[in-house]
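Visitor: mmCIF, C-alpha atoms, saved as work-v3.cif, coming up:
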data_structure
#
loop_
_atom_site.label_atom_id
_atom_site.label_comp_id
_atom_site.auth_asym_id
_atom_site.auth_seq_id
_atom_site.Cartn_x
_atom_site.Cartn_y
_atom_site.Cartn_z
CA MET A 64 -30.58 -48.67 -69.25
CA VAL A 65 -29.86 -45.61 -67.05
CA ARG A 66 -26.16 -45.76 -67.83
CA LYS A 67 -26.86 -45.89 -71.57
CA ALA A 68 -29.31 -42.96 -71.38
CA CYS A 69 -26.79 -40.90 -69.42
CA ARG A 70 -24.25 -41.38 -72.20
CA ASP A 71 -26.65 -40.19 -74.91
CA PRO A 72 -25.94 -36.51 -75.74
CA ASP A 73 -29.47 -36.04 -77.10
CA ILE A 74 -31.11 -36.92 -73.77
CA ARG A 75 -31.35 -34.04 -71.30
CA ALA A 76 -33.37 -35.59 -68.47
CA ILE A 77 -33.46 -39.06 -66.94
CA ILE A 78 -36.90 -40.07 -65.61
CA ILE A 79 -36.86 -42.92 -63.12
CA GLY A 80 -40.05 -44.94 -62.65
CA GLY A 81 -39.51 -46.43 -59.21
CA GLY A 82 -38.94 -45.70 -55.56
CA ASP A 83 -36.24 -44.10 -53.46
CA GLY A 84 -33.82 -46.99 -53.91
CA SER A 85 -34.07 -46.76 -57.70
CA LEU A 86 -33.38 -43.02 -57.57
CA SER A 87 -30.43 -43.54 -55.26
CA ARG A 88 -28.88 -46.20 -57.48
CA ALA A 89 -29.19 -43.96 -60.54
CA LEU A 90 -27.34 -41.04 -58.93
CA GLU A 91 -23.86 -42.31 -59.78
CA HIS A 92 -24.56 -42.13 -63.51
CA VAL A 93 -26.83 -39.06 -63.48
CA LEU A 94 -24.36 -36.94 -61.51
CA ALA A 95 -21.48 -37.97 -63.75
CA SER A 96 -23.47 -37.01 -66.84
CA GLY A 97 -24.70 -33.66 -65.52
CA LYS A 98 -28.24 -34.48 -66.67
CA THR A 99 -31.46 -33.63 -64.83
CA LEU A 100 -33.29 -36.29 -62.79
CA GLY A 101 -37.05 -36.79 -62.60
CA VAL A 102 -39.20 -39.36 -60.82
CA LEU A 103 -42.45 -41.22 -61.44
CA PRO A 104 -43.32 -42.55 -57.94
CA LEU A 105 -43.66 -46.33 -58.19
CA GLY A 106 -41.95 -47.37 -54.94
CA THR A 107 -43.07 -48.35 -51.45
CA MET A 108 -42.60 -45.10 -49.52
CA ASN A 109 -41.66 -42.58 -52.26
CA TYR A 110 -40.10 -40.22 -49.72
CA MET A 111 -38.28 -38.15 -52.33
CA ALA A 112 -41.32 -37.78 -54.57
CA ARG A 113 -43.37 -36.63 -51.57
CA GLN A 114 -40.59 -34.26 -50.50
CA ILE A 115 -40.72 -32.35 -53.78
CA GLY A 116 -44.53 -32.43 -54.05
CA MET A 117 -44.87 -34.96 -56.86
CA PRO A 118 -48.39 -36.48 -57.09
CA LEU A 119 -48.45 -40.19 -56.27
CA ASP A 120 -51.04 -40.87 -58.98
CA LEU A 121 -49.02 -41.97 -62.01
CA ALA A 122 -51.04 -40.08 -64.62
CA GLN A 123 -50.97 -36.86 -62.58
CA ALA A 124 -47.25 -37.29 -61.97
CA ALA A 125 -46.59 -37.59 -65.72
CA VAL A 126 -48.54 -34.38 -66.40
CA THR A 127 -46.72 -32.63 -63.54
CA LEU A 128 -43.33 -33.66 -64.90
CA ALA A 129 -44.12 -31.99 -68.22
CA GLY A 130 -44.31 -28.63 -66.47
CA ALA A 131 -41.68 -29.22 -63.78
CA VAL A 132 -38.69 -26.93 -63.33
CA GLN A 133 -35.02 -27.82 -62.90
CA THR A 134 -34.02 -27.24 -59.29
CA PRO A 135 -30.58 -27.76 -57.69
CA MET A 136 -30.58 -30.18 -54.74
CA ASP A 137 -28.00 -31.44 -52.29
CA VAL A 138 -26.77 -35.02 -52.43
CA GLY A 139 -25.40 -37.03 -49.52
CA ARG A 140 -22.48 -39.37 -49.97
CA VAL A 141 -21.06 -42.21 -47.90
CA ASN A 142 -17.70 -43.34 -49.26
CA ASP A 143 -18.46 -43.70 -52.99
CA ARG A 144 -22.23 -44.28 -52.58
CA TYR A 145 -24.69 -41.39 -53.07
CA PHE A 146 -28.01 -40.93 -51.28
CA LEU A 147 -30.94 -38.52 -51.39
CA ILE A 148 -32.63 -39.28 -48.08
CA ARG A 149 -30.73 -41.11 -45.35
CA ALA A 150 -28.32 -43.84 -44.33
CA CYS A 151 -29.00 -45.89 -41.18
CA PHE A 152 -27.11 -48.32 -38.96
CA GLY A 153 -28.46 -50.55 -36.20
CA ALA A 154 -32.05 -51.71 -35.84
CA PHE A 155 -33.46 -49.96 -38.91
CA PRO A 156 -31.66 -52.06 -41.58
CA GLU A 157 -32.91 -55.16 -39.77
CA PHE A 158 -36.45 -53.77 -39.89
CA ILE A 159 -36.17 -53.08 -43.64
CA GLN A 160 -34.82 -56.55 -44.44
CA SER A 161 -37.56 -58.36 -42.52
CA ARG A 162 -40.28 -56.08 -43.91
CA ASP A 163 -39.15 -56.54 -47.51
CA ARG A 164 -39.13 -60.34 -47.25
CA VAL A 165 -42.87 -60.18 -46.59
CA ARG A 166 -43.53 -57.46 -49.17
CA ARG A 167 -41.81 -59.53 -51.89
CA LYS A 168 -44.37 -62.24 -51.16
CA GLU A 169 -47.11 -59.65 -51.80
CA GLY A 170 -47.83 -59.14 -48.13
CA SER A 171 -49.74 -56.02 -47.10
CA PHE A 172 -48.10 -52.88 -45.76
CA LEU A 173 -49.23 -53.80 -42.23
CA GLU A 174 -47.93 -57.37 -42.55
CA GLY A 175 -44.60 -55.99 -43.71
CA ALA A 176 -44.39 -53.56 -40.78
CA LEU A 177 -45.19 -56.30 -38.26
CA ALA A 178 -42.58 -58.57 -39.83
CA GLY A 179 -40.06 -55.74 -39.58
CA LEU A 180 -40.75 -55.30 -35.86
CA SER A 181 -40.46 -59.05 -35.35
CA GLY A 182 -37.11 -59.07 -37.15
CA VAL A 183 -35.76 -56.32 -34.92
CA ALA A 184 -36.88 -58.23 -31.82
CA ARG A 185 -35.15 -61.44 -33.00
CA ARG A 186 -31.89 -59.83 -34.13
CA TYR A 187 -31.42 -56.81 -31.90
CA ARG A 188 -28.27 -54.94 -32.97
CA ILE A 189 -26.13 -52.48 -31.04
CA VAL A 190 -23.85 -50.16 -32.98
CA GLU A 191 -20.57 -49.40 -31.23
CA ALA A 192 -18.62 -46.77 -33.11
CA GLU A 193 -16.31 -43.78 -32.96
CA LEU A 194 -17.64 -40.63 -34.59
CA SER A 195 -15.33 -37.91 -35.91
CA SER A 196 -16.74 -34.56 -37.04
CA PRO A 197 -15.75 -30.87 -37.23
CA GLY A 198 -16.71 -30.70 -33.55
CA GLY A 199 -14.37 -33.45 -32.41
CA ARG A 200 -14.60 -37.16 -31.56
CA ALA A 201 -17.11 -39.22 -29.60
CA ARG A 202 -17.68 -42.89 -28.86
CA ILE A 203 -21.24 -44.19 -29.05
CA ALA A 204 -23.18 -47.36 -28.33
CA THR A 205 -26.68 -47.15 -29.78
CA SER A 206 -29.43 -49.13 -31.46
CA PHE A 207 -30.05 -46.36 -34.01
CA LEU A 208 -27.71 -44.12 -36.01
CA MET A 209 -29.07 -42.12 -38.94
CA ILE A 210 -27.37 -39.61 -41.24
CA SER A 211 -29.78 -37.63 -43.41
CA ASN A 212 -29.43 -35.37 -46.43
CA ASN A 213 -30.22 -32.09 -44.61
CA LEU A 214 -32.08 -31.88 -41.29
CA CYS A 215 -35.41 -33.62 -40.77
CA ARG A 216 -38.40 -31.77 -39.42
CA ASP A 217 -41.51 -33.01 -37.63
CA SER A 218 -43.93 -34.22 -40.28
CA ASP A 219 -46.29 -37.00 -41.26
CA PRO A 220 -44.46 -40.28 -40.46
CA PHE A 221 -44.85 -41.37 -44.08
CA LEU A 222 -43.11 -38.26 -45.39
CA LEU A 223 -39.82 -37.96 -43.47
CA GLU A 224 -39.63 -34.36 -44.63
CA ARG A 225 -36.38 -32.45 -44.56
CA GLU A 226 -36.40 -28.77 -43.62
CA ARG A 227 -34.90 -28.00 -47.03
CA MET A 228 -32.95 -29.76 -49.74
CA ASP A 229 -30.36 -27.07 -50.35
CA GLY A 230 -29.07 -26.37 -46.84
CA GLY A 231 -25.69 -27.96 -47.50
CA THR A 232 -25.56 -29.99 -44.27
CA LEU A 233 -26.00 -33.50 -42.93
CA GLY A 234 -28.42 -34.27 -40.14
CA VAL A 235 -27.03 -36.75 -37.59
CA TYR A 236 -29.38 -38.65 -35.25
CA VAL A 237 -28.19 -41.03 -32.52
CA GLY A 238 -30.53 -43.06 -30.30
CA ARG A 239 -29.98 -42.22 -26.64
CA SER A 240 -30.55 -45.78 -25.42
CA THR A 241 -29.14 -49.20 -26.24
CA GLY A 242 -32.03 -51.09 -24.63
CA PRO A 243 -35.22 -52.37 -26.23
CA VAL A 244 -37.38 -50.00 -24.17
CA GLY A 245 -35.45 -47.01 -25.47
CA LEU A 246 -35.74 -48.30 -29.02
CA MET A 247 -39.51 -48.70 -28.59
CA GLU A 248 -39.75 -45.11 -27.34
CA LEU A 249 -37.73 -43.86 -30.31
CA GLY A 250 -39.87 -45.86 -32.74
CA LEU A 251 -43.09 -44.59 -31.18
CA GLN A 252 -42.02 -40.96 -31.51
CA ALA A 253 -40.83 -41.56 -35.09
CA ALA A 254 -44.18 -43.21 -35.87
CA MET A 255 -45.83 -39.97 -34.76
CA GLY A 256 -43.61 -38.02 -37.16
CA ARG A 257 -41.30 -36.58 -34.52
CA TRP A 258 -37.74 -36.05 -35.67
CA ALA A 259 -36.81 -32.50 -34.70
CA SER A 260 -38.61 -32.91 -31.35
CA ASN A 261 -37.77 -36.58 -30.74
CA GLU A 262 -36.53 -36.72 -27.14
CA ALA A 263 -35.09 -40.22 -27.65
CA LEU A 264 -32.46 -38.87 -30.08
CA PHE A 265 -29.25 -36.90 -29.84
CA GLN A 266 -29.21 -34.62 -32.90
CA GLY A 267 -26.55 -32.68 -34.75
CA GLU A 268 -25.89 -30.79 -37.96
CA MET A 269 -22.55 -30.91 -39.77
CA HIS A 270 -20.85 -30.88 -43.17
CA TRP A 271 -19.03 -34.18 -42.78
CA LEU A 272 -18.87 -37.15 -40.45
CA GLU A 273 -16.60 -40.17 -40.15
CA VAL A 274 -17.96 -43.37 -38.58
CA GLN A 275 -15.64 -46.20 -37.49
CA THR A 276 -17.72 -49.17 -36.34
CA GLU A 277 -16.48 -52.09 -34.27
CA GLN A 278 -18.00 -54.39 -36.89
CA ARG A 279 -15.96 -54.38 -40.11
CA LYS A 280 -18.90 -54.78 -42.52
CA PRO A 281 -22.10 -53.76 -40.76
CA LEU A 282 -25.54 -53.66 -42.33
CA ILE A 283 -26.43 -50.21 -43.59
CA SER A 284 -29.71 -49.01 -45.06
CA ILE A 285 -29.27 -46.42 -47.82
CA ASP A 286 -32.48 -44.85 -49.11
CA GLY A 287 -34.42 -47.97 -48.14
CA GLU A 288 -32.00 -50.55 -49.59
CA VAL A 289 -29.96 -52.72 -47.22
CA GLU A 290 -26.40 -53.81 -47.93
CA LYS A 291 -23.20 -54.71 -46.18
CA MET A 292 -20.57 -52.03 -46.61
CA GLU A 293 -17.00 -52.09 -45.42
CA GLY A 294 -15.94 -49.28 -43.08
CA PRO A 295 -14.70 -46.84 -42.13
CA PHE A 296 -17.50 -44.62 -43.39
CA ARG A 297 -16.94 -41.07 -44.58
CA PHE A 298 -20.15 -39.03 -44.94
CA ASP A 299 -20.27 -35.67 -46.64
CA ILE A 300 -22.74 -33.41 -48.42
CA LEU A 301 -22.54 -32.21 -52.03
CA PRO A 302 -24.39 -28.88 -52.13
CA GLY A 303 -26.55 -28.36 -55.21
CA ALA A 304 -24.91 -31.29 -57.01
CA LEU A 305 -28.14 -32.64 -58.52
CA SER A 306 -30.50 -30.95 -60.96
CA MET A 307 -33.98 -32.35 -60.30
CA LEU A 308 -37.37 -31.81 -61.93
CA VAL A 309 -39.62 -30.30 -59.25
CA PRO A 310 -43.31 -29.34 -59.62
CA LYS A 311 -43.88 -25.61 -59.97
#
How would this structure read if it were set down as structure tokens?

Guide:
Amino acid sequence: MVRKACRDPDIRAIIIGGGDGSLSRALEHVLASGKTLGVLPLGTMNYMARQIGMPLDLAQAAVTLAGAVQTPMDVGRVNDRYFLIRACFGAFPEFIQSRDRVRRKEGSFLEGALAGLSGVARRYRIVEAELSSPGGRARIATSFLMISNNLCRDSDPFLLERERMDGGTLGVYVGRSTGPVGLMELGLQAAMGRWASNEALFQGEMHWLEVQTEQRKPLISIDGEVEKMEGPFRFDILPGALSMLVPK
């Protein structure tokens, strides 16, 4: 449906009714077409809709879209996969998988979160990788590696706000510890909305990053969807690549 709409010369904007994963999956076709992207927030977290100030009430969101303005936004890319929010290795993809199994069975948000924590405890993953960036090379062993579309700032834990969406950089966040205690500390600070001030994270800002993991096809979470992707991984940022409908 999205692909067909992107090929139609009479359609100027593609409106996605869904969550962050649906938006992310549509990027390949929307960017190729040069059309504008809009969102009706129907997902679980709706990080992107919250980021741009879109009302979560469906009727209000539809009215807001009618008066929204086209705004250029950066897009992240890992290999040939685009993302609007973040890509994660390590414990977080395990959390998402376990949480979503419960949510698909119509479990509550709390039940999903508890299932996610249980999944992490049962299948605790360490990421061993070599990172290459404009600043050089480094080897890491961590339970958490996140690359975000622009830097995150301290905010409500359900927002994951970025400082801006047109800064033209990637935010890189590496957990300082490989142990379960360190992961619990990181999760606690993240649950309080601490990203810029999270003492359990090494943080960096760069235009590109290469990640070579010891595991050939590790789990990776991209905008809330988990998949196995074959490395090595080349991350970069596409400044202003996306035209998006943003509330005035």

Visitor: Where does the PyMOL selection byres ((chain A and resi 305) around 9) land in this file, that is, which residues does it pick, as a PDB file with C-alpha atoms, in the coordinates of the input?

Guide:
ATOM      1  CA  LEU A  90     -27.340 -41.040 -58.930  1.00  0.00           C
ATOM      2  CA  VAL A  93     -26.830 -39.060 -63.480  1.00  0.00           C
ATOM      3  CA  LEU A  94     -24.360 -36.940 -61.510  1.00  0.00           C
ATOM      4  CA  GLY A  97     -24.700 -33.660 -65.520  1.00  0.00           C
ATOM      5  CA  LYS A  98     -28.240 -34.480 -66.670  1.00  0.00           C
ATOM      6  CA  THR A  99     -31.460 -33.630 -64.830  1.00  0.00           C
ATOM      7  CA  LEU A 100     -33.290 -36.290 -62.790  1.00  0.00           C
ATOM      8  CA  THR A 134     -34.020 -27.240 -59.290  1.00  0.00           C
ATOM      9  CA  PRO A 135     -30.580 -27.760 -57.690  1.00  0.00           C
ATOM     10  CA  MET A 136     -30.580 -30.180 -54.740  1.00  0.00           C
ATOM     11  CA  ASP A 137     -28.000 -31.440 -52.290  1.00  0.00           C
ATOM     12  CA  VAL A 138     -26.770 -35.020 -52.430  1.00  0.00           C
ATOM     13  CA  LEU A 301     -22.540 -32.210 -52.030  1.00  0.00           C
ATOM     14  CA  PRO A 302     -24.390 -28.880 -52.130  1.00  0.00           C
ATOM     15  CA  GLY A 303     -26.550 -28.360 -55.210  1.00  0.00           C
ATOM     16  CA  ALA A 304     -24.910 -31.290 -57.010  1.00  0.00           C
ATOM     17  CA  SER A 306     -30.500 -30.950 -60.960  1.00  0.00           C
ATOM     18  CA  MET A 307     -33.980 -32.350 -60.300  1.00  0.00           C
TER      19      MET A 307
END

Visitor: Find the distance between atom CA of Gly242 of chain A and atom CA of Phe146 of chain A and write it in Å to one decimal.

Guide: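 Answer for the atom CA of Gly242 of chain A to atom CA of Phe146 of chain A separation: 28.8 Å.
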
Visitor: I need the output of the PyMOL selection byres ((chain A and resi 286) around 7) for this file as a list in words; which residues are they?

Guide: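 Evaluating the PyMOL selection byres ((chain A and resi 286) around 7) on this file yields Asp83, Gly84, Ser87, Phe146, Leu147, Ile148, Arg149, Ala150, Ser284, Ile285, Gly287 and Glu288 of chain A.
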
Visitor: Give me a file of those residues, with C-alpha atoms, as a PDB file, in the frame of the given file.

Guide:
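Now in result.pdb:
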ATOM      1  CA  ASP A  83     -36.240 -44.100 -53.460  1.00  0.00           C
ATOM      2  CA  GLY A  84     -33.820 -46.990 -53.910  1.00  0.00           C
ATOM      3  CA  SER A  87     -30.430 -43.540 -55.260  1.00  0.00           C
ATOM      4  CA  PHE A 146     -28.010 -40.930 -51.280  1.00  0.00           C
ATOM      5  CA  LEU A 147     -30.940 -38.520 -51.390  1.00  0.00           C
ATOM      6  CA  ILE A 148     -32.630 -39.280 -48.080  1.00  0.00           C
ATOM      7  CA  ARG A 149     -30.730 -41.110 -45.350  1.00  0.00           C
ATOM      8  CA  ALA A 150     -28.320 -43.840 -44.330  1.00  0.00           C
ATOM      9  CA  SER A 284     -29.710 -49.010 -45.060  1.00  0.00           C
ATOM     10  CA  ILE A 285     -29.270 -46.420 -47.820  1.00  0.00           C
ATOM     11  CA  GLY A 287     -34.420 -47.970 -48.140  1.00  0.00           C
ATOM     12  CA  GLU A 288     -32.000 -50.550 -49.590  1.00  0.00           C
TER      13      GLU A 288
END

Visitor: Decode the PyMOL selection byres ((chain A and resi 210) around 8) for the given file into explicit residues and return them as JSON, numbers by chain.

Guide: {"A": [149, 150, 151, 208, 209, 211, 212, 233, 234, 235, 236]}

Visitor: Which of these residues is nearest to Arg140 of chain A, using all atoms listed in the file: A:Ala204, A:Leu194, A:Ile300, A:Val309?

Guide: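 Of the candidates, the smallest distance to Arg140 of chain A is held by A:Ile300.
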
Visitor: How many Å lie between atom CA of Met117 of chain A and atom CA of Gly231 of chain A, rounded to one decimal?

Guide: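 Between atom CA of Met117 of chain A and atom CA of Gly231 of chain A the gap is 22.5 Å.
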
Visitor: For each of A:Met247, A:Leu103, A:Leu223, A:Val190, take the minimum atom-to-atom distance to Arg279 of chain A, counting only C-alpha atoms, then give the residue where this is smallest.

Guide: A:Val190

Visitor: Atom CA of Val102 of chain A to atom CA of Phe158 of chain A: how many Å, to one decimal?

Guide: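 According to the coordinates, atom CA of Val102 of chain A and atom CA of Phe158 of chain A are separated by 25.6 Å.
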
Visitor: Identify which of the residues A:Ala259, A:Met111, A:Ile159, A:Ile78 lies closest to Ala125 of chain A, counting only C-alpha atoms when measuring atom-to-atom distances.

Guide: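 Nearest to Ala125 of chain A: A:Ile78.
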